[in-house]
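Asker: Just data-v6.cif, nothing more (mmCIF, C-alpha atoms and all ligand atoms; chains and numbers go by the auth columns):
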```cif
data_start
#
loop_
_atom_site.group_PDB
_atom_site.id
_atom_site.type_symbol
_atom_site.label_atom_id
_atom_site.label_comp_id
_atom_site.label_asym_id
_atom_site.label_seq_id
_atom_site.Cartn_x
_atom_site.Cartn_y
_atom_site.Cartn_z
_atom_site.B_iso_or_equiv
_atom_site.auth_seq_id
_atom_site.auth_asym_id
ATOM 1 C CA MET A 1 -22.800 3.448 -138.464 0.00 10 F
ATOM 2 C CA SER A 2 -25.910 3.878 -136.362 0.00 11 F
ATOM 3 C CA ASP A 3 -26.917 0.202 -136.104 0.00 12 F
ATOM 4 C CA CYS A 4 -23.419 -1.205 -135.621 0.00 13 F
ATOM 5 C CA ILE A 5 -22.803 -2.669 -132.164 0.00 14 F
ATOM 6 C CA PHE A 6 -19.045 -2.052 -132.269 0.00 15 F
ATOM 7 C CA CYS A 7 -19.626 1.587 -133.313 0.00 16 F
ATOM 8 C CA LYS A 8 -21.915 1.912 -130.300 0.00 17 F
ATOM 9 C CA ILE A 9 -19.279 0.372 -128.015 0.00 18 F
ATOM 10 C CA ALA A 10 -16.435 2.442 -129.497 0.00 19 F
ATOM 11 C CA GLY A 11 -18.537 5.614 -129.272 0.00 20 F
ATOM 12 C CA GLY A 12 -19.523 5.011 -125.651 0.00 21 F
ATOM 13 C CA GLU A 13 -23.225 4.507 -126.393 0.00 22 F
ATOM 14 C CA ILE A 14 -22.940 0.977 -124.970 0.00 23 F
ATOM 15 C CA LYS A 15 -20.875 1.191 -121.795 0.00 24 F
ATOM 16 C CA THR A 16 -17.954 -1.222 -121.953 0.00 25 F
ATOM 17 C CA ASP A 17 -14.735 -1.514 -119.974 0.00 26 F
ATOM 18 C CA PHE A 18 -11.890 -0.774 -122.340 0.00 27 F
ATOM 19 C CA ILE A 19 -8.624 -2.583 -121.765 0.00 28 F
ATOM 20 C CA TYR A 20 -7.099 -0.078 -124.215 0.00 29 F
ATOM 21 C CA GLU A 21 -8.261 3.153 -125.835 0.00 30 F
ATOM 22 C CA ASP A 22 -6.681 5.887 -127.900 0.00 31 F
ATOM 23 C CA GLU A 23 -7.929 8.340 -130.543 0.00 32 F
ATOM 24 C CA THR A 24 -8.441 5.691 -133.211 0.00 33 F
ATOM 25 C CA VAL A 25 -8.805 2.309 -131.494 0.00 34 F
ATOM 26 C CA VAL A 26 -10.560 0.645 -128.582 0.00 35 F
ATOM 27 C CA ALA A 27 -10.059 -2.840 -127.165 0.00 36 F
ATOM 28 C CA PHE A 28 -12.323 -4.763 -124.831 0.00 37 F
ATOM 29 C CA ARG A 29 -12.949 -8.315 -123.629 0.00 38 F
ATOM 30 C CA ASP A 30 -15.004 -10.600 -125.845 0.00 39 F
ATOM 31 C CA LEU A 31 -18.458 -11.399 -124.458 0.00 40 F
ATOM 32 C CA ASN A 32 -17.964 -15.067 -125.307 0.00 41 F
ATOM 33 C CA PRO A 33 -14.278 -15.745 -124.636 0.00 42 F
ATOM 34 C CA GLN A 34 -12.622 -18.644 -126.454 0.00 43 F
ATOM 35 C CA ALA A 35 -9.594 -18.691 -124.140 0.00 44 F
ATOM 36 C CA PRO A 36 -8.577 -17.256 -120.747 0.00 45 F
ATOM 37 C CA GLU A 37 -7.601 -14.057 -122.565 0.00 46 F
ATOM 38 C CA HIS A 38 -9.781 -12.930 -125.466 0.00 47 F
ATOM 39 C CA ILE A 39 -9.602 -9.277 -126.448 0.00 48 F
ATOM 40 C CA LEU A 40 -11.212 -7.549 -129.431 0.00 49 F
ATOM 41 C CA ILE A 41 -9.211 -4.714 -130.993 0.00 50 F
ATOM 42 C CA VAL A 42 -11.601 -2.434 -132.852 0.00 51 F
ATOM 43 C CA PRO A 43 -10.957 0.703 -134.928 0.00 52 F
ATOM 44 C CA LYS A 44 -13.284 3.523 -133.869 0.00 53 F
ATOM 45 C CA LYS A 45 -13.914 4.312 -137.515 0.00 54 F
ATOM 46 C CA HIS A 46 -16.476 1.999 -139.102 0.00 55 F
ATOM 47 C CA VAL A 47 -14.694 -0.318 -141.506 0.00 56 F
ATOM 48 C CA ALA A 48 -16.744 -3.402 -142.354 0.00 57 F
ATOM 49 C CA LYS A 49 -13.887 -5.807 -143.033 0.00 58 F
ATOM 50 C CA ILE A 50 -10.143 -5.953 -143.587 0.00 59 F
ATOM 51 C CA ILE A 51 -10.367 -5.702 -147.371 0.00 60 F
ATOM 52 C CA ASP A 52 -12.310 -2.450 -146.965 0.00 61 F
ATOM 53 C CA PHE A 53 -9.242 -0.781 -145.499 0.00 62 F
ATOM 54 C CA SER A 54 -8.197 1.924 -147.999 0.00 63 F
ATOM 55 C CA ALA A 55 -4.867 3.613 -148.659 0.00 64 F
ATOM 56 C CA ASP A 56 -5.951 6.269 -146.139 0.00 65 F
ATOM 57 C CA ASP A 57 -6.112 3.575 -143.456 0.00 66 F
ATOM 58 C CA LYS A 58 -2.486 2.454 -143.726 0.00 67 F
ATOM 59 C CA ASN A 59 -1.460 4.370 -140.620 0.00 68 F
ATOM 60 C CA LEU A 60 -4.392 2.934 -138.695 0.00 69 F
ATOM 61 C CA ALA A 61 -3.573 -0.618 -139.795 0.00 70 F
ATOM 62 C CA ALA A 62 0.093 -0.162 -138.915 0.00 71 F
ATOM 63 C CA HIS A 63 -0.822 1.393 -135.567 0.00 72 F
ATOM 64 C CA ILE A 64 -2.935 -1.638 -134.659 0.00 73 F
ATOM 65 C CA PHE A 65 -0.258 -4.171 -135.581 0.00 74 F
ATOM 66 C CA VAL A 66 2.854 -2.225 -134.575 0.00 75 F
ATOM 67 C CA ASP A 67 1.669 -0.528 -131.378 0.00 76 F
ATOM 68 C CA VAL A 68 -1.669 -1.715 -130.031 0.00 77 F
ATOM 69 C CA VAL A 69 -1.142 -5.484 -130.208 0.00 78 F
ATOM 70 C CA GLU A 70 2.172 -5.223 -128.355 0.00 79 F
ATOM 71 C CA GLU A 71 0.783 -2.933 -125.681 0.00 80 F
ATOM 72 C CA ILE A 72 -2.203 -5.170 -124.982 0.00 81 F
ATOM 73 C CA ALA A 73 -0.153 -8.387 -125.105 0.00 82 F
ATOM 74 C CA LYS A 74 2.197 -6.915 -122.496 0.00 83 F
ATOM 75 C CA LYS A 75 -0.691 -5.614 -120.416 0.00 84 F
ATOM 76 C CA ILE A 76 -2.372 -9.030 -120.167 0.00 85 F
ATOM 77 C CA GLY A 77 0.950 -10.877 -119.830 0.00 86 F
ATOM 78 C CA VAL A 78 0.995 -12.977 -122.985 0.00 87 F
ATOM 79 C CA ASP A 79 3.793 -11.185 -124.866 0.00 88 F
ATOM 80 C CA GLU A 80 6.406 -13.787 -123.863 0.00 89 F
ATOM 81 C CA LYS A 81 4.217 -16.900 -123.762 0.00 90 F
ATOM 82 C CA GLY A 82 2.554 -16.205 -127.090 0.00 91 F
ATOM 83 C CA PHE A 83 -0.917 -15.576 -128.371 0.00 92 F
ATOM 84 C CA ARG A 84 -2.975 -15.705 -131.530 0.00 93 F
ATOM 85 C CA LEU A 85 -4.389 -12.925 -133.702 0.00 94 F
ATOM 86 C CA VAL A 86 -7.485 -13.725 -135.770 0.00 95 F
ATOM 87 C CA ILE A 87 -9.409 -11.597 -138.251 0.00 96 F
ATOM 88 C CA ASN A 88 -12.507 -13.459 -139.364 0.00 97 F
ATOM 89 C CA THR A 89 -13.558 -12.005 -142.705 0.00 98 F
ATOM 90 C CA GLY A 90 -16.903 -12.436 -144.429 0.00 99 F
ATOM 91 C CA GLU A 91 -19.374 -15.261 -144.134 0.00 100 F
ATOM 92 C CA GLU A 92 -17.065 -18.185 -144.892 0.00 101 F
ATOM 93 C CA GLY A 93 -14.395 -16.575 -142.728 0.00 102 F
ATOM 94 C CA GLY A 94 -16.737 -16.748 -139.764 0.00 103 F
ATOM 95 C CA GLN A 95 -17.250 -12.999 -139.304 0.00 104 F
ATOM 96 C CA THR A 96 -20.401 -12.353 -137.296 0.00 105 F
ATOM 97 C CA VAL A 97 -19.998 -8.640 -136.502 0.00 106 F
ATOM 98 C CA GLY A 98 -19.683 -6.436 -139.579 0.00 107 F
ATOM 99 C CA HIS A 99 -17.168 -4.002 -138.113 0.00 108 F
ATOM 100 C CA LEU A 100 -13.521 -4.939 -138.503 0.00 109 F
ATOM 101 C CA HIS A 101 -11.968 -6.371 -135.370 0.00 110 F
ATOM 102 C CA VAL A 102 -8.836 -8.282 -134.468 0.00 111 F
ATOM 103 C CA HIS A 103 -9.207 -11.083 -131.937 0.00 112 F
ATOM 104 C CA LEU A 104 -6.218 -11.330 -129.582 0.00 113 F
ATOM 105 C CA ILE A 105 -6.516 -14.736 -127.943 0.00 114 F
ATOM 106 C CA GLY A 106 -4.172 -16.215 -125.370 0.00 115 F
ATOM 107 C CA GLY A 107 -3.646 -17.789 -121.978 0.00 116 F
ATOM 108 C CA ARG A 108 -3.695 -21.374 -123.244 0.00 117 F
ATOM 109 C CA LYS A 109 -1.920 -23.533 -125.819 0.00 118 F
ATOM 110 C CA MET A 110 -3.494 -22.990 -129.229 0.00 119 F
ATOM 111 C CA THR A 111 -4.235 -25.798 -131.640 0.00 120 F
ATOM 112 C CA TRP A 112 -4.183 -25.943 -135.416 0.00 121 F
ATOM 113 C CA PRO A 113 -6.103 -26.116 -137.714 0.00 122 F
ATOM 114 C CA PRO A 114 -8.801 -23.764 -136.491 0.00 123 F
ATOM 115 C CA GLY A 115 -12.375 -24.949 -136.853 0.00 124 F
HETATM 116 P P1 LIG B . -16.476 -12.440 -135.298 0.00 201 A
HETATM 117 O O1 LIG B . -17.311 -13.693 -135.216 0.00 201 A
HETATM 118 O O2 LIG B . -15.070 -12.666 -135.731 0.00 201 A
HETATM 119 O O3 LIG B . -17.186 -11.387 -136.114 0.00 201 A
HETATM 120 O O4 LIG B . -16.331 -11.913 -133.823 0.00 201 A
HETATM 121 C C1 LIG B . -17.335 -11.186 -133.173 0.00 201 A
HETATM 122 C C2 LIG B . -17.055 -11.340 -131.715 0.00 201 A
HETATM 123 O O5 LIG B . -17.714 -10.289 -131.039 0.00 201 A
HETATM 124 C C3 LIG B . -17.565 -12.641 -131.109 0.00 201 A
HETATM 125 O O6 LIG B . -16.469 -13.343 -130.542 0.00 201 A
HETATM 126 C C4 LIG B . -18.569 -12.189 -130.057 0.00 201 A
HETATM 127 O O7 LIG B . -18.511 -12.979 -128.902 0.00 201 A
HETATM 128 C C5 LIG B . -18.121 -10.767 -129.789 0.00 201 A
HETATM 129 N N1 LIG B . -19.142 -9.843 -129.314 0.00 201 A
HETATM 130 C C6 LIG B . -20.350 -9.597 -129.866 0.00 201 A
HETATM 131 N N2 LIG B . -20.986 -8.644 -129.184 0.00 201 A
HETATM 132 C C7 LIG B . -20.161 -8.258 -128.186 0.00 201 A
HETATM 133 C C8 LIG B . -20.235 -7.302 -127.141 0.00 201 A
HETATM 134 N N3 LIG B . -21.311 -6.541 -126.958 0.00 201 A
HETATM 135 N N4 LIG B . -19.200 -7.184 -126.290 0.00 201 A
HETATM 136 C C9 LIG B . -18.092 -7.946 -126.445 0.00 201 A
HETATM 137 N N5 LIG B . -17.959 -8.868 -127.424 0.00 201 A
HETATM 138 C C10 LIG B . -18.976 -9.025 -128.272 0.00 201 A
#
```
Rewrite the structure of this file - the entire thing - as structure tokens.
Ligand code: AMP

Answerer:
Amino acid sequence: MSDCIFCKIAGGEIKTDFIYEDETVVAFRDLNPQAPEHILIVPKKHVAKIIDFSADDKNLAAHIFVDVVEEIAKKIGVDEKGFRLVINTGEEGGQTVGHLHVHLIGGRKMTWPPG
């Protein structure tokens, strides 16, 4: 999508340091980190939100949660200590960027409930 900031980042139009990249996914540090480690995992394909994933996206969804999360968690050293995954969805879910992304947040003790 031409006016989508995460499409521009994923496509290289906005230069960003990727902590992870493969054919389908990029991951980079959040501009406004909520913890010592705050990574955004973003499919390169424009999908607005999690419920817009279609049957064709099952491999992509599985790849993110089976492969990419583990690789990044190990890379930033939170795989043993623990971390939190967040997918804000829609207005009441707190989503501010309309391109699906998974927040991987770690490096401190998390609290519950979230705000
Ligand atoms: P959400 O509110 O769940 O939609 O998350 C959007 C996240 O994207 C926020 O945590 C922002 O800080 C982050 N963000 C927005 N623009 C950028 C950017 N250019 N680079 C890195 N993170 C960004």

Asker: Please check which protein, DNA or RNA residues sit within 6 Å of ligand LIG 201 (chain A), counting all atoms listed in the file, and write them as an mmCIF file with C-alpha atoms, in the coordinates of the input.

Answerer:
```
data_model
loop_
_atom_site.group_PDB
_atom_site.id
_atom_site.type_symbol
_atom_site.label_atom_id
_atom_site.label_comp_id
_atom_site.auth_asym_id
_atom_site.auth_seq_id
_atom_site.Cartn_x
_atom_site.Cartn_y
_atom_site.Cartn_z
ATOM 1 C CA ARG F 38 -12.949 -8.315 -123.629
ATOM 2 C CA ASP F 39 -15.004 -10.600 -125.845
ATOM 3 C CA LEU F 40 -18.458 -11.399 -124.458
ATOM 4 C CA ASN F 41 -17.964 -15.067 -125.307
ATOM 5 C CA ASN F 97 -12.507 -13.459 -139.364
ATOM 6 C CA GLY F 103 -16.737 -16.748 -139.764
ATOM 7 C CA GLN F 104 -17.250 -12.999 -139.304
ATOM 8 C CA THR F 105 -20.401 -12.353 -137.296
ATOM 9 C CA VAL F 106 -19.998 -8.640 -136.502
#
```

Asker: What gap, in Å, lies between CA of Val35 (chain F) and CA of Glu100 (chain F)?

Answerer: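 Pair CA of Val35 (chain F) / CA of Glu100 (chain F) returns 23.9 Å.
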
Asker: Can you give me, as a list in words, the residues this file yields under the PyMOL selection byres (((chain F and resi 88) around 12) and not hetatm)?

Answerer: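 The output of the PyMOL selection byres (((chain F and resi 88) around 12) and not hetatm) on this file is Glu46, Val78, Glu79, Glu80, Ile81, Ala82, Lys83, Lys84, Ile85, Gly86, Val87, Glu89, Lys90, Gly91, Phe92, Arg93, Leu113, Ile114, Gly115 and Gly116 of chain F.
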
Asker: Quick one, how far is CA of Asp65 (chain F) from CA of Asp12 (chain F)?

Answerer: 24.0 Å

Asker: By how many Å are CA of Val95 (chain F) and CA of Lys17 (chain F) apart?

Answerer: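 We find that CA of Val95 (chain F) and CA of Lys17 (chain F) lie 22.0 Å from each other.
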
Asker: Please evaluate the PyMOL selection byres (((chain F and resi 54) around 8) and not hetatm) against the structure above and give the resulting residues as a PDB file with C-alpha atoms, in the frame of the given file.

Answerer:
```pdb
ATOM      1  CA  CYS F  16     -19.626   1.587-133.313  1.00  0.00           C
ATOM      2  CA  THR F  33      -8.441   5.691-133.211  1.00  0.00           C
ATOM      3  CA  PRO F  52     -10.957   0.703-134.928  1.00  0.00           C
ATOM      4  CA  LYS F  53     -13.284   3.523-133.869  1.00  0.00           C
ATOM      5  CA  HIS F  55     -16.476   1.999-139.102  1.00  0.00           C
ATOM      6  CA  VAL F  56     -14.694  -0.318-141.506  1.00  0.00           C
TER       7      VAL F  56
END
```

Asker: Is there a way to get, as a ChimeraX atom specification, all residues within 12 Å of the point (-11.3, 0.6, -135.0) in file coordinates, counting only C-alpha atoms?

Answerer: /F:15-20,29-37,49-59,62,66,68-70,72-73,77,107-111

Asker: Go through F:His47, F:His112, F:Asp61, F:Pro123 one by one, measure the shortest atom-to-atom distance of each to Phe74 (chain F) using all atoms listed in the file, and give the residue with the smallest value.

Answerer: F:His112

Asker: Could you add whatever atoms are missing so that region 91-109 of chain F carries N, CA, C and O atoms, then write the result as a PDB file, in the frame of the given file?

Answerer:
```
ATOM      1  N   GLY F  91       3.138 -16.090-125.756  1.00  0.00           N
ATOM      2  CA  GLY F  91       2.554 -16.205-127.090  1.00  0.00           C
ATOM      3  C   GLY F  91       1.040 -16.069-127.064  1.00  0.00           C
ATOM      4  O   GLY F  91       0.388 -16.182-126.014  1.00  0.00           O
ATOM      5  N   PHE F  92       0.519 -15.818-128.224  1.00  0.00           N
ATOM      6  CA  PHE F  92      -0.917 -15.576-128.371  1.00  0.00           C
ATOM      7  C   PHE F  92      -1.265 -15.703-129.837  1.00  0.00           C
ATOM      8  O   PHE F  92      -0.387 -15.894-130.687  1.00  0.00           O
ATOM      9  N   ARG F  93      -2.524 -15.598-130.133  1.00  0.00           N
ATOM     10  CA  ARG F  93      -2.975 -15.705-131.530  1.00  0.00           C
ATOM     11  C   ARG F  93      -3.793 -14.471-131.904  1.00  0.00           C
ATOM     12  O   ARG F  93      -4.614 -14.003-131.110  1.00  0.00           O
ATOM     13  N   LEU F  94      -3.559 -13.981-133.132  1.00  0.00           N
ATOM     14  CA  LEU F  94      -4.389 -12.925-133.702  1.00  0.00           C
ATOM     15  C   LEU F  94      -5.256 -13.544-134.786  1.00  0.00           C
ATOM     16  O   LEU F  94      -4.762 -14.323-135.602  1.00  0.00           O
ATOM     17  N   VAL F  95      -6.540 -13.183-134.778  1.00  0.00           N
ATOM     18  CA  VAL F  95      -7.485 -13.725-135.770  1.00  0.00           C
ATOM     19  C   VAL F  95      -8.317 -12.567-136.311  1.00  0.00           C
ATOM     20  O   VAL F  95      -8.801 -11.729-135.542  1.00  0.00           O
ATOM     21  N   ILE F  96      -8.471 -12.540-137.631  1.00  0.00           N
ATOM     22  CA  ILE F  96      -9.409 -11.597-138.251  1.00  0.00           C
ATOM     23  C   ILE F  96     -10.357 -12.413-139.117  1.00  0.00           C
ATOM     24  O   ILE F  96     -10.018 -12.784-140.254  1.00  0.00           O
ATOM     25  N   ASN F  97     -11.501 -12.759-138.571  1.00  0.00           N
ATOM     26  CA  ASN F  97     -12.507 -13.459-139.364  1.00  0.00           C
ATOM     27  C   ASN F  97     -13.059 -12.472-140.394  1.00  0.00           C
ATOM     28  O   ASN F  97     -13.372 -11.326-140.054  1.00  0.00           O
ATOM     29  N   THR F  98     -13.160 -12.922-141.632  1.00  0.00           N
ATOM     30  CA  THR F  98     -13.558 -12.005-142.705  1.00  0.00           C
ATOM     31  C   THR F  98     -14.641 -12.617-143.577  1.00  0.00           C
ATOM     32  O   THR F  98     -14.423 -13.676-144.196  1.00  0.00           O
ATOM     33  N   GLY F  99     -15.809 -11.976-143.580  1.00  0.00           N
ATOM     34  CA  GLY F  99     -16.903 -12.436-144.429  1.00  0.00           C
ATOM     35  C   GLY F  99     -17.549 -13.704-143.897  1.00  0.00           C
ATOM     36  O   GLY F  99     -17.156 -14.255-142.865  1.00  0.00           O
ATOM     37  N   GLU F 100     -18.558 -14.142-144.617  1.00  0.00           N
ATOM     38  CA  GLU F 100     -19.374 -15.261-144.134  1.00  0.00           C
ATOM     39  C   GLU F 100     -18.569 -16.551-143.970  1.00  0.00           C
ATOM     40  O   GLU F 100     -18.593 -17.186-142.919  1.00  0.00           O
ATOM     41  N   GLU F 101     -17.832 -16.929-144.996  1.00  0.00           N
ATOM     42  CA  GLU F 101     -17.065 -18.185-144.892  1.00  0.00           C
ATOM     43  C   GLU F 101     -15.891 -18.036-143.937  1.00  0.00           C
ATOM     44  O   GLU F 101     -15.388 -19.026-143.409  1.00  0.00           O
ATOM     45  N   GLY F 102     -15.468 -16.813-143.693  1.00  0.00           N
ATOM     46  CA  GLY F 102     -14.395 -16.575-142.728  1.00  0.00           C
ATOM     47  C   GLY F 102     -14.878 -16.571-141.293  1.00  0.00           C
ATOM     48  O   GLY F 102     -14.068 -16.460-140.369  1.00  0.00           O
ATOM     49  N   GLY F 103     -16.184 -16.675-141.115  1.00  0.00           N
ATOM     50  CA  GLY F 103     -16.737 -16.748-139.764  1.00  0.00           C
ATOM     51  C   GLY F 103     -16.982 -15.406-139.109  1.00  0.00           C
ATOM     52  O   GLY F 103     -17.168 -15.335-137.889  1.00  0.00           O
ATOM     53  N   GLN F 104     -17.008 -14.331-139.887  1.00  0.00           N
ATOM     54  CA  GLN F 104     -17.250 -12.999-139.304  1.00  0.00           C
ATOM     55  C   GLN F 104     -18.728 -12.847-138.971  1.00  0.00           C
ATOM     56  O   GLN F 104     -19.585 -13.036-139.838  1.00  0.00           O
ATOM     57  N   THR F 105     -19.007 -12.512-137.728  1.00  0.00           N
ATOM     58  CA  THR F 105     -20.401 -12.353-137.296  1.00  0.00           C
ATOM     59  C   THR F 105     -20.752 -10.905-136.978  1.00  0.00           C
ATOM     60  O   THR F 105     -21.931 -10.570-136.907  1.00  0.00           O
ATOM     61  N   VAL F 106     -19.757 -10.071-136.733  1.00  0.00           N
ATOM     62  CA  VAL F 106     -19.998  -8.640-136.502  1.00  0.00           C
ATOM     63  C   VAL F 106     -19.343  -7.875-137.652  1.00  0.00           C
ATOM     64  O   VAL F 106     -18.132  -7.988-137.884  1.00  0.00           O
ATOM     65  N   GLY F 107     -20.154  -7.095-138.366  1.00  0.00           N
ATOM     66  CA  GLY F 107     -19.683  -6.436-139.579  1.00  0.00           C
ATOM     67  C   GLY F 107     -18.957  -5.137-139.357  1.00  0.00           C
ATOM     68  O   GLY F 107     -19.233  -4.119-140.014  1.00  0.00           O
ATOM     69  N   HIS F 108     -18.055  -5.145-138.400  1.00  0.00           N
ATOM     70  CA  HIS F 108     -17.168  -4.002-138.113  1.00  0.00           C
ATOM     71  C   HIS F 108     -15.816  -4.641-137.801  1.00  0.00           C
ATOM     72  O   HIS F 108     -15.710  -5.442-136.854  1.00  0.00           O
ATOM     73  N   LEU F 109     -14.844  -4.315-138.627  1.00  0.00           N
ATOM     74  CA  LEU F 109     -13.521  -4.939-138.503  1.00  0.00           C
ATOM     75  C   LEU F 109     -13.035  -5.028-137.060  1.00  0.00           C
ATOM     76  O   LEU F 109     -13.119  -4.054-136.308  1.00  0.00           O
TER      77      LEU F 109
END
```
